[in-house]
$ cat work.pdb   # PDB, C-alpha atoms
ATOM      1  CA  MET V   1     -29.930  14.927  21.869
ATOM      2  CA  THR V   2     -26.887  15.795  23.949
ATOM      3  CA  THR V   3     -24.664  18.781  23.197
ATOM      4  CA  TRP V   4     -21.969  16.701  21.470
ATOM      5  CA  GLN V   5     -24.593  14.984  19.302
ATOM      6  CA  VAL V   6     -26.020  18.350  18.241
ATOM      7  CA  HIS V   7     -22.533  19.560  17.242
ATOM      8  CA  PHE V   8     -21.808  16.287  15.432
ATOM      9  CA  HIS V   9     -25.060  16.408  13.449
ATOM     10  CA  ALA V  10     -24.359  20.020  12.462
ATOM     11  CA  ALA V  11     -20.908  19.006  11.146
ATOM     12  CA  LEU V  12     -21.918  15.747   9.441
ATOM     13  CA  PRO V  13     -23.429  17.239   6.245
ATOM     14  CA  ARG V  14     -20.232  19.274   5.689
ATOM     15  CA  LEU V  15     -17.985  16.202   5.847
ATOM     16  CA  GLY V  16     -17.104  14.267   2.720
ATOM     17  CA  HIS V  17     -14.491  12.274   0.862
ATOM     18  CA  ARG V  18     -11.022  12.614   2.452
ATOM     19  CA  ASN V  19     -12.286  14.114   5.705
ATOM     20  CA  TRP V  20     -11.662  12.318   8.992
ATOM     21  CA  ILE V  21     -13.649  11.683  12.146
ATOM     22  CA  VAL V  22     -11.572  10.729  15.179
ATOM     23  CA  ILE V  23     -13.356   9.198  18.141
ATOM     24  CA  SER V  24     -10.670   9.619  20.747
ATOM     25  CA  ASP V  25      -9.771   8.581  24.239
ATOM     26  CA  ALA V  26      -9.505  11.302  26.878
ATOM     27  CA  ALA V  27      -5.755  11.937  26.419
ATOM     28  CA  TYR V  28      -5.882  12.577  22.677
ATOM     29  CA  PRO V  29      -3.807  15.708  21.983
ATOM     30  CA  GLN V  30      -5.214  19.055  20.941
ATOM     31  CA  GLN V  31      -3.925  19.443  17.393
ATOM     32  CA  ALA V  32      -2.762  22.782  16.028
ATOM     33  CA  SER V  33      -3.848  22.228  12.420
ATOM     34  CA  LYS V  34      -6.423  24.795  11.329
ATOM     35  CA  GLY V  35      -8.753  22.137   9.912
ATOM     36  CA  VAL V  36      -9.200  20.261  13.207
ATOM     37  CA  GLU V  37     -12.412  20.755  15.183
ATOM     38  CA  VAL V  38     -12.859  19.185  18.636
ATOM     39  CA  ILE V  39     -16.155  18.185  20.223
ATOM     40  CA  LEU V  40     -16.191  16.997  23.844
ATOM     41  CA  ALA V  41     -18.448  13.995  24.417
ATOM     42  CA  ASP V  42     -19.470  12.672  27.816
ATOM     43  CA  VAL V  43     -19.554   9.026  26.646
ATOM     44  CA  ALA V  44     -17.117   6.145  26.154
ATOM     45  CA  VAL V  45     -15.342   5.488  22.840
ATOM     46  CA  ASP V  46     -17.439   2.448  21.920
ATOM     47  CA  ASP V  47     -20.766   4.149  22.647
ATOM     48  CA  CYS V  48     -19.684   7.169  20.610
ATOM     49  CA  LEU V  49     -18.505   4.910  17.765
ATOM     50  CA  LYS V  50     -21.853   3.117  17.657
ATOM     51  CA  TYR V  51     -23.718   6.423  17.438
ATOM     52  CA  VAL V  52     -21.378   7.939  14.828
ATOM     53  CA  LEU V  53     -21.425   4.879  12.558
ATOM     54  CA  LYS V  54     -25.230   4.698  12.671
ATOM     55  CA  SER V  55     -25.453   8.409  11.842
ATOM     56  CA  ILE V  56     -23.009   8.059   8.935
ATOM     57  CA  GLU V  57     -24.976   5.130   7.540
ATOM     58  CA  GLU V  58     -28.212   7.106   7.753
ATOM     59  CA  ALA V  59     -26.605  10.143   6.081
ATOM     60  CA  GLY V  60     -25.601   8.042   3.063
ATOM     61  CA  HIS V  61     -23.246  10.531   1.416
ATOM     62  CA  ILE V  62     -20.129   9.112   3.078
ATOM     63  CA  THR V  63     -18.791   5.762   4.205
ATOM     64  CA  PRO V  64     -15.935   5.204   6.669
ATOM     65  CA  LYS V  65     -12.763   3.164   6.553
ATOM     66  CA  VAL V  66     -11.620   2.353  10.083
ATOM     67  CA  LEU V  67      -8.059   2.746  11.297
ATOM     68  CA  LEU V  68      -7.020   1.508  14.751
ATOM     69  CA  ASP V  69      -3.762   1.793  16.666
ATOM     70  CA  THR V  70      -1.576  -1.310  16.332
ATOM     71  CA  GLU V  71      -0.707  -0.862  19.998
ATOM     72  CA  LEU V  72      -4.296  -1.759  20.908
ATOM     73  CA  SER V  73      -3.770  -5.315  19.631
ATOM     74  CA  VAL V  74      -1.102  -6.090  22.260
ATOM     75  CA  LEU V  75      -2.622  -4.414  25.317
ATOM     76  CA  THR V  76      -3.928  -6.739  28.014
ATOM     77  CA  ASP V  77      -6.070  -6.221  31.092
ATOM     78  CA  ASP V  78      -3.068  -6.623  33.399
ATOM     79  CA  LEU V  79      -1.567  -3.476  31.813
ATOM     80  CA  CYS V  80      -4.837  -1.622  31.167
ATOM     81  CA  PRO V  81      -7.853  -2.906  33.088
ATOM     82  CA  GLY V  82     -10.891  -3.010  30.797
ATOM     83  CA  VAL V  83      -8.989  -2.943  27.499
ATOM     84  CA  THR V  84     -10.112  -6.396  26.352
ATOM     85  CA  ALA V  85     -13.825  -5.629  26.700
ATOM     86  CA  LEU V  86     -13.415  -2.232  25.045
ATOM     87  CA  ARG V  87     -11.332  -3.641  22.162
ATOM     88  CA  ASP V  88     -13.969  -6.340  21.616
ATOM     89  CA  SER V  89     -16.724  -3.729  21.630
ATOM     90  CA  ILE V  90     -14.882  -1.503  19.131
ATOM     91  CA  GLN V  91     -14.249  -4.478  16.847
ATOM     92  CA  PHE V  92     -17.917  -5.499  17.082
ATOM     93  CA  GLU V  93     -19.143  -2.008  16.183
ATOM     94  CA  ALA V  94     -16.750  -1.829  13.206
ATOM     95  CA  SER V  95     -17.210  -5.449  12.083
ATOM     96  CA  SER V  96     -19.054  -4.581   8.856
ATOM     97  CA  LEU V  97     -16.391  -2.092   7.709
ATOM     98  CA  PRO V  98     -12.850  -2.323   6.357
ATOM     99  CA  VAL V  99     -10.455  -2.071   9.313
ATOM    100  CA  ASP V 100      -6.707  -1.407   9.093
ATOM    101  CA  MET V 101      -4.133  -0.955  11.832
ATOM    102  CA  ALA V 102      -1.075   1.287  12.054
ATOM    103  CA  ALA V 103       1.216   2.608  14.761
ATOM    104  CA  HIS V 104      -0.311   5.485  16.706
ATOM    105  CA  ASP V 105       2.437   7.948  15.722
ATOM    106  CA  ILE V 106       1.986   7.129  12.033
ATOM    107  CA  ILE V 107      -1.766   7.704  12.277
ATOM    108  CA  LEU V 108      -1.237  11.066  13.997
ATOM    109  CA  GLU V 109       1.268  12.070  11.322
ATOM    110  CA  LYS V 110      -1.235  11.148   8.593
ATOM    111  CA  ILE V 111      -3.997  13.133  10.327
ATOM    112  CA  ASN V 112      -1.699  16.152  10.704
ATOM    113  CA  MET V 113      -0.715  16.043   7.021
ATOM    114  CA  GLU V 114      -4.255  15.587   5.722
ATOM    115  CA  GLY V 115      -5.600  18.083   8.259
ATOM    116  CA  ALA V 116      -3.698  20.792   6.407
ATOM    117  CA  ASP V 117      -6.032  20.392   3.416
ATOM    118  CA  TYR V 118      -9.080  18.543   4.744
ATOM    119  CA  SER V 119     -11.215  18.841   7.847
ATOM    120  CA  VAL V 120     -10.757  16.533  10.808
ATOM    121  CA  LEU V 121     -13.536  16.239  13.372
ATOM    122  CA  VAL V 122     -12.304  14.951  16.736
ATOM    123  CA  ILE V 123     -14.905  13.701  19.177
ATOM    124  CA  LYS V 124     -13.025  13.446  22.459
ATOM    125  CA  THR V 125     -14.624  10.929  24.815
ATOM    126  CA  THR V 126     -14.267  10.153  28.512
ATOM    127  CA  THR V 127     -12.471   6.830  27.911
ATOM    128  CA  MET V 128      -9.235   6.567  29.885
ATOM    129  CA  ILE V 129      -7.706   3.495  28.244
ATOM    130  CA  PRO V 130      -4.749   4.236  25.954
ATOM    131  CA  TYR V 131      -4.660   3.510  22.221
ATOM    132  CA  THR V 132      -8.435   3.100  21.972
ATOM    133  CA  SER V 133      -9.054   6.008  19.616
ATOM    134  CA  VAL V 134     -10.898   5.084  16.420
ATOM    135  CA  PHE V 135      -9.945   6.898  13.220
ATOM    136  CA  LEU V 136     -12.536   7.067  10.441
ATOM    137  CA  ARG V 137     -11.272   8.119   7.003
ATOM    138  CA  LEU V 138     -14.313   9.106   5.014
ATOM    139  CA  GLU V 139     -14.981   8.011   1.461
ATOM    140  CA  CYS V 140     -17.849   8.778  -0.894
ATOM    141  CA  GLY V 141     -20.916   6.813   0.134
ATOM    142  CA  TYR V 142     -22.525   6.648  -3.298
ATOM    143  CA  TRP V 143     -19.463   5.935  -5.458
ATOM    144  CA  ASP V 144     -16.903   3.150  -5.201
ATOM    145  CA  LYS V 145     -13.406   2.361  -6.485
ATOM    146  CA  ASP V 146     -14.665  -0.195  -9.028
ATOM    147  CA  ARG V 147     -16.925   2.314 -10.781
ATOM    148  CA  GLU V 148     -14.177   4.937 -10.475
ATOM    149  CA  ALA V 149     -11.772   2.590 -12.293
ATOM    150  CA  ILE V 150     -14.317   1.953 -15.086
ATOM    151  CA  MET V 151     -14.912   5.672 -15.508
ATOM    152  CA  ARG V 152     -11.142   6.385 -15.517
ATOM    153  CA  GLY V 153     -10.669   3.697 -18.168
ATOM    154  CA  ARG V 154     -13.124   5.538 -20.397
ATOM    155  CA  LEU V 155     -11.208   8.799 -20.244
TER     156      LEU V 155
END
$ encode --input "work.pdb" --output "structure tokens"
Amino acid sequence: MTTWQVHFHAALPRLGHRNWIVISDAAYPQQASKGVEVILADVAVDDCLKYVLKSIEEAGHITPKVLLDTELSVLTDDLCPGVTALRDSIQFEASSLPVDMAAHDIILEKINMEGADYSVLVIKTTTMIPYTSVFLRLECGYWDKDREAIMRGRL
């Protein structure tokens, strides 16, 4: 296991519902919120995403909802060489999960607000293509909204 993987596996059991994992490109900003932890990874975004999603699935206590930058959907290889292949790879890795898109600034604002109360784990990769960060909002892996609604109806 590499150093970043060791740090990630040490953090994974502590993460739960409402925590975030950000798999970021190389220019992702250092955030000042006290709940943000940064791990440096010497891999590309898509390789890191593949590893993180497999590890989350194996852990079982959490499940991710994926949030991507809307800007990624309009980038082309003439502006950012390699973006099409990377976008396709990210979409392939996340294909079995719910995926939403929002403007990058709105996502950062949401992370900053939730980072005040909940932990955010940033895994900063070596990828140098803009707007390719992948934001994973964690949910409970053994409980779902349908059963939550039934239970709430019984209260």
$ resolve_selection --input "work.pdb" --expression "the PyMOL selection byres ((chain V and resi 130) around 10)" --output "number ranges by chain"
V: 24-28, 69, 71-72, 75, 80, 83, 127-129, 131-133
$ resolve_selection --input "work.pdb" --expression "the PyMOL selection byres ((chain V and resi 141) around 8)" --output "PyMOL selection string"
chain V and resi 60-63+139-140+142-144
$ resolve_selection --input "work.pdb" --expression "the PyMOL selection byres ((chain V and resi 125) around 9)" --output "ChimeraX atom specification"
/V:23-26,39-45,48,123-124,126-128
$ atom_distance --input "work.pdb" --atom1 "CA of Trp20 (chain V)" --atom2 "CA of Arg87 (chain V)"
20.7 Å
$ closest_residue --input "work.pdb" --among "V:Gly35, V:Pro64, V:Pro98, V:Pro29" --to "Tyr118 (chain V)" --atoms "all atoms listed in the file"
V:Gly35
$ closest_residue --input "work.pdb" --among "V:Leu97, V:Leu121, V:Met151, V:Leu108" --to "His7 (chain V)" --atoms "all atoms listed in the file"
V:Leu121
$ closest_residue --input "work.pdb" --among "V:Asp78, V:Glu58, V:Glu114, V:Asp46" --to "Phe92 (chain V)" --atoms "only C-alpha atoms"
V:Asp46
$ closest_residue --input "work.pdb" --among "V:Ser96, V:Ala102, V:Gly115, V:Val122" --to "Val38 (chain V)" --atoms "all atoms listed in the file"
V:Val122
$ closest_residue --input "work.pdb" --among "V:Arg147, V:Lys34, V:Lys54, V:Arg18" --to "Lys110 (chain V)" --atoms "all atoms listed in the file"
V:Arg18
$ build_atoms --input "work.pdb" --residues "region 56-67 of chain V" --atoms "all heavy atoms" --output "short mmCIF file (atom, residue, chain, number, x, y, z; two decimals), in the coordinates of the input"
data_model
loop_
_atom_site.label_atom_id
_atom_site.label_comp_id
_atom_site.auth_asym_id
_atom_site.auth_seq_id
_atom_site.Cartn_x
_atom_site.Cartn_y
_atom_site.Cartn_z
N ILE V 56 -23.64 8.04 10.26
CA ILE V 56 -23.01 8.06 8.94
C ILE V 56 -23.80 7.20 7.96
O ILE V 56 -24.05 7.59 6.81
CB ILE V 56 -21.54 7.60 9.02
CG1 ILE V 56 -20.69 8.66 9.72
CG2 ILE V 56 -20.98 7.27 7.64
CD1 ILE V 56 -19.27 8.22 10.03
N GLU V 57 -24.19 6.02 8.40
CA GLU V 57 -24.98 5.13 7.54
C GLU V 57 -26.29 5.78 7.12
O GLU V 57 -26.69 5.73 5.96
CB GLU V 57 -25.25 3.81 8.27
CG GLU V 57 -25.98 2.80 7.43
CD GLU V 57 -26.22 1.49 8.15
OE1 GLU V 57 -25.57 1.22 9.17
OE2 GLU V 57 -27.08 0.73 7.69
N GLU V 58 -26.95 6.44 8.05
CA GLU V 58 -28.21 7.11 7.75
C GLU V 58 -28.01 8.29 6.81
O GLU V 58 -28.86 8.58 5.98
CB GLU V 58 -28.89 7.57 9.05
CG GLU V 58 -29.43 6.41 9.87
CD GLU V 58 -29.91 6.83 11.26
OE1 GLU V 58 -29.76 8.02 11.64
OE2 GLU V 58 -30.44 5.95 11.97
N ALA V 59 -26.87 8.98 6.93
CA ALA V 59 -26.60 10.14 6.08
C ALA V 59 -26.44 9.71 4.62
O ALA V 59 -26.92 10.38 3.71
CB ALA V 59 -25.37 10.89 6.57
N GLY V 60 -25.71 8.61 4.39
CA GLY V 60 -25.60 8.04 3.06
C GLY V 60 -24.57 8.66 2.13
O GLY V 60 -24.13 8.01 1.21
N HIS V 61 -24.17 9.89 2.36
CA HIS V 61 -23.25 10.53 1.42
C HIS V 61 -21.79 10.15 1.64
O HIS V 61 -20.94 10.41 0.79
CB HIS V 61 -23.42 12.06 1.44
CG HIS V 61 -22.93 12.72 2.69
ND1 HIS V 61 -23.57 12.60 3.90
CD2 HIS V 61 -21.84 13.51 2.90
CE1 HIS V 61 -22.91 13.31 4.81
NE2 HIS V 61 -21.85 13.86 4.22
N ILE V 62 -21.49 9.54 2.77
CA ILE V 62 -20.13 9.11 3.08
C ILE V 62 -20.14 7.70 3.65
O ILE V 62 -21.17 7.22 4.14
CB ILE V 62 -19.43 10.06 4.08
CG1 ILE V 62 -20.32 10.31 5.30
CG2 ILE V 62 -19.00 11.35 3.40
CD1 ILE V 62 -19.70 11.15 6.39
N THR V 63 -18.99 7.06 3.57
CA THR V 63 -18.79 5.76 4.20
C THR V 63 -17.40 5.75 4.83
O THR V 63 -16.47 6.34 4.26
CB THR V 63 -18.98 4.61 3.19
OG1 THR V 63 -18.99 3.37 3.89
CG2 THR V 63 -17.90 4.60 2.14
N PRO V 64 -17.23 5.14 6.00
CA PRO V 64 -15.94 5.20 6.67
C PRO V 64 -15.06 3.98 6.43
O PRO V 64 -15.55 2.86 6.24
CB PRO V 64 -16.32 5.27 8.15
CG PRO V 64 -17.59 4.48 8.21
CD PRO V 64 -18.30 4.71 6.90
N LYS V 65 -13.76 4.22 6.42
CA LYS V 65 -12.76 3.16 6.55
C LYS V 65 -12.17 3.36 7.94
O LYS V 65 -11.83 4.48 8.32
CB LYS V 65 -11.68 3.29 5.49
CG LYS V 65 -12.17 2.95 4.11
CD LYS V 65 -11.03 2.94 3.12
CE LYS V 65 -11.54 2.50 1.76
NZ LYS V 65 -10.47 2.46 0.77
N VAL V 66 -12.05 2.28 8.69
CA VAL V 66 -11.62 2.35 10.08
C VAL V 66 -10.13 2.10 10.19
O VAL V 66 -9.59 1.18 9.57
CB VAL V 66 -12.39 1.32 10.93
CG1 VAL V 66 -11.94 1.37 12.39
CG2 VAL V 66 -13.90 1.54 10.82
N LEU V 67 -9.47 2.92 11.00
CA LEU V 67 -8.06 2.75 11.30
C LEU V 67 -7.91 2.71 12.81
O LEU V 67 -8.40 3.61 13.51
CB LEU V 67 -7.26 3.90 10.69
CG LEU V 67 -5.76 3.80 10.64
CD1 LEU V 67 -5.29 2.54 9.91
CD2 LEU V 67 -5.18 5.03 9.95
#
